[in-house]
$ cat target-v2.cif   # mmCIF, N, CA and C atoms
data_run
loop_
_atom_site.label_atom_id
_atom_site.label_comp_id
_atom_site.auth_asym_id
_atom_site.auth_seq_id
_atom_site.Cartn_x
_atom_site.Cartn_y
_atom_site.Cartn_z
N MET O 27 0.17 -141.66 51.11
CA MET O 27 -0.75 -142.03 50.04
C MET O 27 -1.80 -142.98 50.61
N SER O 28 -3.07 -142.68 50.36
CA SER O 28 -4.13 -143.55 50.87
C SER O 28 -4.26 -144.79 50.01
N THR O 29 -4.94 -145.78 50.56
CA THR O 29 -5.14 -147.02 49.81
C THR O 29 -5.96 -146.76 48.56
N GLN O 30 -6.88 -145.79 48.65
CA GLN O 30 -7.71 -145.48 47.50
C GLN O 30 -6.87 -144.88 46.37
N ASP O 31 -5.85 -144.10 46.71
CA ASP O 31 -4.98 -143.52 45.69
C ASP O 31 -4.11 -144.57 45.03
N SER O 32 -3.77 -145.61 45.77
CA SER O 32 -2.82 -146.59 45.27
C SER O 32 -3.47 -147.64 44.38
N LYS O 33 -4.80 -147.70 44.32
CA LYS O 33 -5.44 -148.66 43.43
C LYS O 33 -6.42 -147.95 42.51
N GLU O 34 -6.78 -148.62 41.44
CA GLU O 34 -7.73 -148.08 40.48
C GLU O 34 -9.09 -147.91 41.13
N ARG O 35 -9.71 -146.75 40.92
CA ARG O 35 -11.03 -146.50 41.49
C ARG O 35 -12.11 -147.01 40.55
N GLU O 36 -13.14 -147.60 41.11
CA GLU O 36 -14.23 -148.15 40.31
C GLU O 36 -15.20 -147.04 39.92
N ILE O 37 -15.52 -146.99 38.65
CA ILE O 37 -16.46 -145.99 38.15
C ILE O 37 -17.87 -146.54 38.30
N ALA O 38 -18.73 -145.77 38.96
CA ALA O 38 -20.12 -146.18 39.14
C ALA O 38 -20.92 -145.93 37.86
N TYR O 39 -20.73 -144.75 37.27
CA TYR O 39 -21.39 -144.39 36.02
C TYR O 39 -20.73 -143.14 35.45
N VAL O 40 -21.10 -142.81 34.23
CA VAL O 40 -20.54 -141.64 33.54
C VAL O 40 -21.69 -140.75 33.09
N ILE O 41 -21.55 -139.45 33.32
CA ILE O 41 -22.54 -138.48 32.84
C ILE O 41 -21.94 -137.75 31.66
N GLU O 42 -22.66 -137.78 30.53
CA GLU O 42 -22.22 -137.06 29.34
C GLU O 42 -23.21 -135.93 29.07
N ASP O 43 -22.69 -134.74 28.93
CA ASP O 43 -23.52 -133.55 28.76
C ASP O 43 -22.68 -132.52 28.02
N ALA O 44 -23.29 -131.82 27.08
CA ALA O 44 -22.56 -130.83 26.28
C ALA O 44 -21.93 -129.76 27.16
N VAL O 45 -22.62 -129.33 28.20
CA VAL O 45 -22.08 -128.29 29.09
C VAL O 45 -20.86 -128.81 29.84
N LEU O 46 -20.88 -130.09 30.20
CA LEU O 46 -19.77 -130.65 30.96
C LEU O 46 -18.52 -130.81 30.12
N GLY O 47 -18.68 -130.86 28.82
CA GLY O 47 -17.52 -131.07 27.95
C GLY O 47 -17.11 -132.54 27.99
N GLU O 48 -16.07 -132.82 28.72
CA GLU O 48 -15.62 -134.21 28.88
C GLU O 48 -16.63 -135.00 29.69
N PRO O 49 -16.76 -136.30 29.41
CA PRO O 49 -17.64 -137.13 30.25
C PRO O 49 -17.18 -137.06 31.72
N PHE O 50 -18.14 -136.97 32.63
CA PHE O 50 -17.85 -136.87 34.05
C PHE O 50 -18.01 -138.26 34.68
N GLU O 51 -16.91 -138.79 35.18
CA GLU O 51 -16.91 -140.11 35.80
C GLU O 51 -17.22 -139.98 37.29
N VAL O 52 -18.27 -140.67 37.71
CA VAL O 52 -18.64 -140.68 39.12
C VAL O 52 -18.14 -142.00 39.70
N PHE O 53 -17.33 -141.90 40.75
CA PHE O 53 -16.70 -143.08 41.34
C PHE O 53 -17.58 -143.74 42.38
N TYR O 54 -17.52 -145.05 42.40
CA TYR O 54 -18.28 -145.83 43.37
C TYR O 54 -17.69 -145.66 44.77
N SER O 55 -18.56 -145.56 45.73
CA SER O 55 -18.19 -145.55 47.12
C SER O 55 -19.38 -146.13 47.89
N PRO O 56 -19.15 -147.11 48.75
CA PRO O 56 -20.27 -147.75 49.43
C PRO O 56 -21.11 -146.72 50.20
N ASN O 57 -22.41 -146.80 50.02
CA ASN O 57 -23.39 -145.95 50.71
C ASN O 57 -23.27 -144.46 50.42
N ALA O 58 -22.55 -144.07 49.41
CA ALA O 58 -22.40 -142.65 49.09
C ALA O 58 -23.63 -142.16 48.32
N TRP O 59 -24.06 -140.95 48.63
CA TRP O 59 -25.24 -140.39 47.95
C TRP O 59 -25.02 -140.27 46.45
N TRP O 60 -23.79 -140.06 46.03
CA TRP O 60 -23.52 -139.83 44.61
C TRP O 60 -23.63 -141.10 43.77
N CYS O 61 -23.81 -142.24 44.41
CA CYS O 61 -24.08 -143.46 43.64
C CYS O 61 -25.51 -143.44 43.10
N ASN O 62 -26.30 -142.49 43.58
CA ASN O 62 -27.64 -142.25 43.06
C ASN O 62 -27.51 -141.24 41.92
N ARG O 63 -27.52 -141.74 40.71
CA ARG O 63 -27.33 -140.89 39.53
C ARG O 63 -28.32 -139.73 39.49
N GLY O 64 -29.54 -139.98 39.93
CA GLY O 64 -30.58 -138.94 39.90
C GLY O 64 -30.20 -137.73 40.73
N LYS O 65 -29.57 -137.94 41.89
CA LYS O 65 -29.18 -136.81 42.74
C LYS O 65 -28.09 -135.98 42.07
N VAL O 66 -27.13 -136.63 41.46
CA VAL O 66 -26.05 -135.90 40.78
C VAL O 66 -26.62 -135.13 39.60
N CYS O 67 -27.54 -135.76 38.86
CA CYS O 67 -28.16 -135.06 37.72
C CYS O 67 -29.00 -133.88 38.19
N GLN O 68 -29.71 -134.03 39.32
CA GLN O 68 -30.48 -132.91 39.87
C GLN O 68 -29.55 -131.76 40.27
N LEU O 69 -28.42 -132.10 40.89
CA LEU O 69 -27.46 -131.08 41.29
C LEU O 69 -26.94 -130.33 40.07
N ILE O 70 -26.53 -131.07 39.05
CA ILE O 70 -26.01 -130.44 37.83
C ILE O 70 -27.11 -129.63 37.15
N GLY O 71 -28.31 -130.18 37.07
CA GLY O 71 -29.43 -129.47 36.45
C GLY O 71 -29.74 -128.17 37.16
N GLY O 72 -29.71 -128.20 38.48
CA GLY O 72 -29.95 -126.98 39.26
C GLY O 72 -28.90 -125.93 38.99
N LEU O 73 -27.65 -126.35 38.94
CA LEU O 73 -26.56 -125.41 38.67
C LEU O 73 -26.66 -124.86 37.25
N LYS O 74 -27.01 -125.72 36.29
CA LYS O 74 -27.15 -125.27 34.90
C LYS O 74 -28.28 -124.28 34.73
N SER O 75 -29.31 -124.40 35.58
CA SER O 75 -30.46 -123.49 35.45
C SER O 75 -30.22 -122.16 36.17
N GLY O 76 -29.04 -122.02 36.79
CA GLY O 76 -28.68 -120.75 37.40
C GLY O 76 -28.91 -120.68 38.91
N LEU O 77 -29.29 -121.80 39.52
CA LEU O 77 -29.46 -121.80 40.98
C LEU O 77 -28.11 -121.61 41.67
N THR O 78 -28.15 -121.03 42.85
CA THR O 78 -26.94 -120.97 43.66
C THR O 78 -26.61 -122.39 44.10
N LEU O 79 -25.39 -122.61 44.56
CA LEU O 79 -25.02 -123.93 45.04
C LEU O 79 -25.94 -124.37 46.17
N LYS O 80 -26.20 -123.47 47.10
CA LYS O 80 -27.06 -123.80 48.24
C LYS O 80 -28.44 -124.27 47.79
N LYS O 81 -29.02 -123.58 46.81
CA LYS O 81 -30.34 -123.95 46.31
C LYS O 81 -30.30 -125.25 45.50
N ALA O 82 -29.23 -125.44 44.73
CA ALA O 82 -29.09 -126.68 43.95
C ALA O 82 -28.92 -127.88 44.89
N LEU O 83 -28.18 -127.69 45.98
CA LEU O 83 -28.03 -128.77 46.96
C LEU O 83 -29.38 -129.08 47.61
N PHE O 84 -30.15 -128.04 47.92
CA PHE O 84 -31.48 -128.24 48.50
C PHE O 84 -32.37 -129.01 47.52
N LEU O 85 -32.34 -128.62 46.25
CA LEU O 85 -33.13 -129.28 45.21
C LEU O 85 -32.82 -130.77 45.15
N ALA O 86 -31.54 -131.11 45.24
CA ALA O 86 -31.11 -132.51 45.13
C ALA O 86 -31.12 -133.23 46.47
N ASP O 87 -31.51 -132.53 47.54
CA ASP O 87 -31.55 -133.11 48.89
C ASP O 87 -30.17 -133.60 49.33
N ILE O 88 -29.19 -132.72 49.18
CA ILE O 88 -27.81 -133.01 49.54
C ILE O 88 -27.36 -131.98 50.58
N SER O 89 -26.74 -132.44 51.65
CA SER O 89 -26.27 -131.51 52.68
C SER O 89 -24.90 -130.93 52.28
N GLN O 90 -24.52 -129.85 52.93
CA GLN O 90 -23.20 -129.24 52.69
C GLN O 90 -22.08 -130.24 52.97
N THR O 91 -22.23 -131.00 54.05
CA THR O 91 -21.21 -132.00 54.42
C THR O 91 -21.13 -133.09 53.35
N GLU O 92 -22.28 -133.55 52.89
CA GLU O 92 -22.28 -134.57 51.83
C GLU O 92 -21.61 -134.03 50.56
N TYR O 93 -21.87 -132.78 50.24
CA TYR O 93 -21.27 -132.17 49.06
C TYR O 93 -19.75 -132.08 49.21
N ARG O 94 -19.29 -131.66 50.38
CA ARG O 94 -17.84 -131.59 50.62
C ARG O 94 -17.19 -132.97 50.47
N ASN O 95 -17.85 -134.01 50.96
CA ASN O 95 -17.32 -135.37 50.80
C ASN O 95 -17.27 -135.76 49.33
N PHE O 96 -18.28 -135.36 48.58
CA PHE O 96 -18.32 -135.61 47.13
C PHE O 96 -17.13 -134.94 46.44
N LEU O 97 -16.86 -133.68 46.82
CA LEU O 97 -15.74 -132.95 46.21
C LEU O 97 -14.39 -133.59 46.53
N LYS O 98 -14.26 -134.18 47.71
CA LYS O 98 -13.01 -134.86 48.06
C LYS O 98 -12.73 -136.00 47.10
N GLU O 99 -13.78 -136.66 46.65
CA GLU O 99 -13.64 -137.80 45.72
C GLU O 99 -13.69 -137.38 44.26
N HIS O 100 -14.28 -136.22 43.98
CA HIS O 100 -14.49 -135.77 42.61
C HIS O 100 -14.08 -134.30 42.48
N ILE O 101 -12.82 -134.00 42.67
CA ILE O 101 -12.33 -132.62 42.66
C ILE O 101 -12.63 -131.91 41.35
N GLU O 102 -12.71 -132.66 40.26
CA GLU O 102 -12.98 -132.07 38.95
C GLU O 102 -14.39 -131.50 38.85
N PHE O 103 -15.24 -131.79 39.82
CA PHE O 103 -16.59 -131.23 39.80
C PHE O 103 -16.55 -129.71 39.93
N CYS O 104 -15.51 -129.17 40.52
CA CYS O 104 -15.37 -127.70 40.61
C CYS O 104 -15.38 -127.08 39.22
N ILE O 105 -14.77 -127.74 38.26
CA ILE O 105 -14.75 -127.25 36.88
C ILE O 105 -16.15 -127.36 36.27
N ILE O 106 -16.84 -128.45 36.57
CA ILE O 106 -18.20 -128.64 36.07
C ILE O 106 -19.12 -127.57 36.63
N LYS O 107 -18.96 -127.29 37.92
CA LYS O 107 -19.77 -126.25 38.57
C LYS O 107 -19.56 -124.91 37.87
N LEU O 108 -18.33 -124.57 37.57
CA LEU O 108 -18.03 -123.32 36.86
C LEU O 108 -18.65 -123.33 35.47
N GLY O 109 -18.54 -124.45 34.76
CA GLY O 109 -19.14 -124.56 33.42
C GLY O 109 -20.64 -124.37 33.46
N CYS O 110 -21.29 -124.91 34.48
CA CYS O 110 -22.73 -124.75 34.64
C CYS O 110 -23.08 -123.28 34.88
N LYS O 111 -22.28 -122.62 35.70
CA LYS O 111 -22.53 -121.21 36.00
C LYS O 111 -22.38 -120.37 34.73
N LEU O 112 -21.32 -120.62 33.97
CA LEU O 112 -21.12 -119.87 32.73
C LEU O 112 -22.22 -120.16 31.72
N SER O 113 -22.67 -121.40 31.68
CA SER O 113 -23.74 -121.79 30.76
C SER O 113 -25.04 -121.08 31.11
N SER O 114 -25.35 -121.01 32.40
CA SER O 114 -26.59 -120.34 32.80
C SER O 114 -26.53 -118.85 32.50
N ARG O 115 -25.36 -118.27 32.64
CA ARG O 115 -25.21 -116.84 32.31
C ARG O 115 -25.33 -116.61 30.81
N ALA O 116 -24.77 -117.52 30.01
CA ALA O 116 -24.84 -117.39 28.56
C ALA O 116 -26.29 -117.48 28.08
N LYS O 117 -27.08 -118.33 28.72
CA LYS O 117 -28.49 -118.47 28.34
C LYS O 117 -29.26 -117.17 28.60
N SER O 118 -28.87 -116.46 29.64
CA SER O 118 -29.60 -115.23 29.97
C SER O 118 -29.09 -114.03 29.18
N PHE O 119 -28.02 -114.21 28.44
CA PHE O 119 -27.42 -113.13 27.65
C PHE O 119 -28.27 -112.88 26.41
N ASP O 120 -28.70 -111.68 26.18
CA ASP O 120 -29.56 -111.35 25.06
C ASP O 120 -28.75 -110.62 23.99
N MET O 121 -28.56 -111.28 22.85
CA MET O 121 -27.79 -110.66 21.76
C MET O 121 -28.50 -109.44 21.20
N GLY O 122 -29.82 -109.32 21.36
CA GLY O 122 -30.56 -108.18 20.86
C GLY O 122 -30.09 -106.86 21.46
N ASP O 123 -29.46 -106.93 22.61
CA ASP O 123 -28.95 -105.71 23.25
C ASP O 123 -27.82 -105.08 22.45
N PHE O 124 -27.19 -105.87 21.57
CA PHE O 124 -26.01 -105.38 20.86
C PHE O 124 -26.25 -105.17 19.37
N ILE O 125 -27.45 -105.39 18.94
CA ILE O 125 -27.73 -105.27 17.51
C ILE O 125 -28.33 -103.93 17.21
#
$ encode --input "target-v2.cif" --output "structure tokens"
Amino acid sequence: MSTQDSKEREIAYVIEDAVLGEPFEVFYSPNAWWCNRGKVCQLIGGLKSGLTLKKALFLADISQTEYRNFLKEHIEFCIIKLGCKLSSRAKSFDMGDFI
């Protein structure tokens, strides 16, 4: 068990969004890119608009390695990513096709 697991993690900020469902807690980590709320919001916004992960990372100026480090600390983001993907697909769904 790491030292980080054995103590309470400090929350840097919380993002609340209807697509996310539950509030998303972003944990503090010294010098981590995710302490910049704007980058996390850009990433989520890109995913919600239907961008691929690679393009959303580019939009937010986040490298693949930085993203992997983020996921190690915020594993629940995988669920958020899926919710964003489903949301973007639902927006493009045209009910007129079935009427």
$ atom_distance --input "target-v2.cif" --atom1 "CA of Ile101 in chain O" --atom2 "atom C of Ser114 in chain O"
22.2 Å
$ select_by_dssp --input "target-v2.cif" --residues "chain O" --states "helix (DSSP H, G or I)" --output "PyMOL selection string"
chain O and resi 29-32+59-61+63-74+79-86+90-99+103-118+121-124
$ closest_residue --input "target-v2.cif" --among "O:Phe103, O:Phe53, O:Phe96, O:Trp60" --to "Glu36 in chain O" --atoms "all atoms listed in the file"
O:Phe53
$ atom_distance --input "target-v2.cif" --atom1 "CA of Gly76 in chain O" --atom2 "CA of Gly109 in chain O"
11.0 Å
$ resolve_selection --input "target-v2.cif" --expression "the PyMOL selection byres (((chain O and resi 55 and name CA) around 10) and name CA)" --output "PyMOL selection string"
chain O and resi 35-38+52-54+56-61+96+99
$ atom_distance --input "target-v2.cif" --atom1 "atom N of Leu79 in chain O" --atom2 "CA of Glu48 in chain O"
21.8 Å
$ axis_aligned_box --input "target-v2.cif" --around "range 74-87 of chain O" --padding-each-side "5 Å" --output "lines of an AutoDock Vina configuration file"
center_x = -29.1
center_y = -127.1
center_z = 42.0
size_x = 18.1
size_y = 22.9
size_z = 24.6
$ select_by_dssp --input "target-v2.cif" --residues "range 27-68 of chain O" --states "strand (DSSP E or B)" --output "MDAnalysis selection string"
chainID O and resid 37:41 50:53
$ residues_near_point --input "target-v2.cif" --point "(-22.3, -131.4, 28.1)" --cutoff "12 Å" --atoms "only C-alpha atoms" --output "list in words"
Val40, Ile41, Glu42, Asp43, Ala44, Val45, Leu46, Gly47, Glu48, Pro49, Phe50, Cys67, Ile70, Gly71, Lys74, Ile106, Lys107, Gly109, Cys110 and Ser113 of chain O
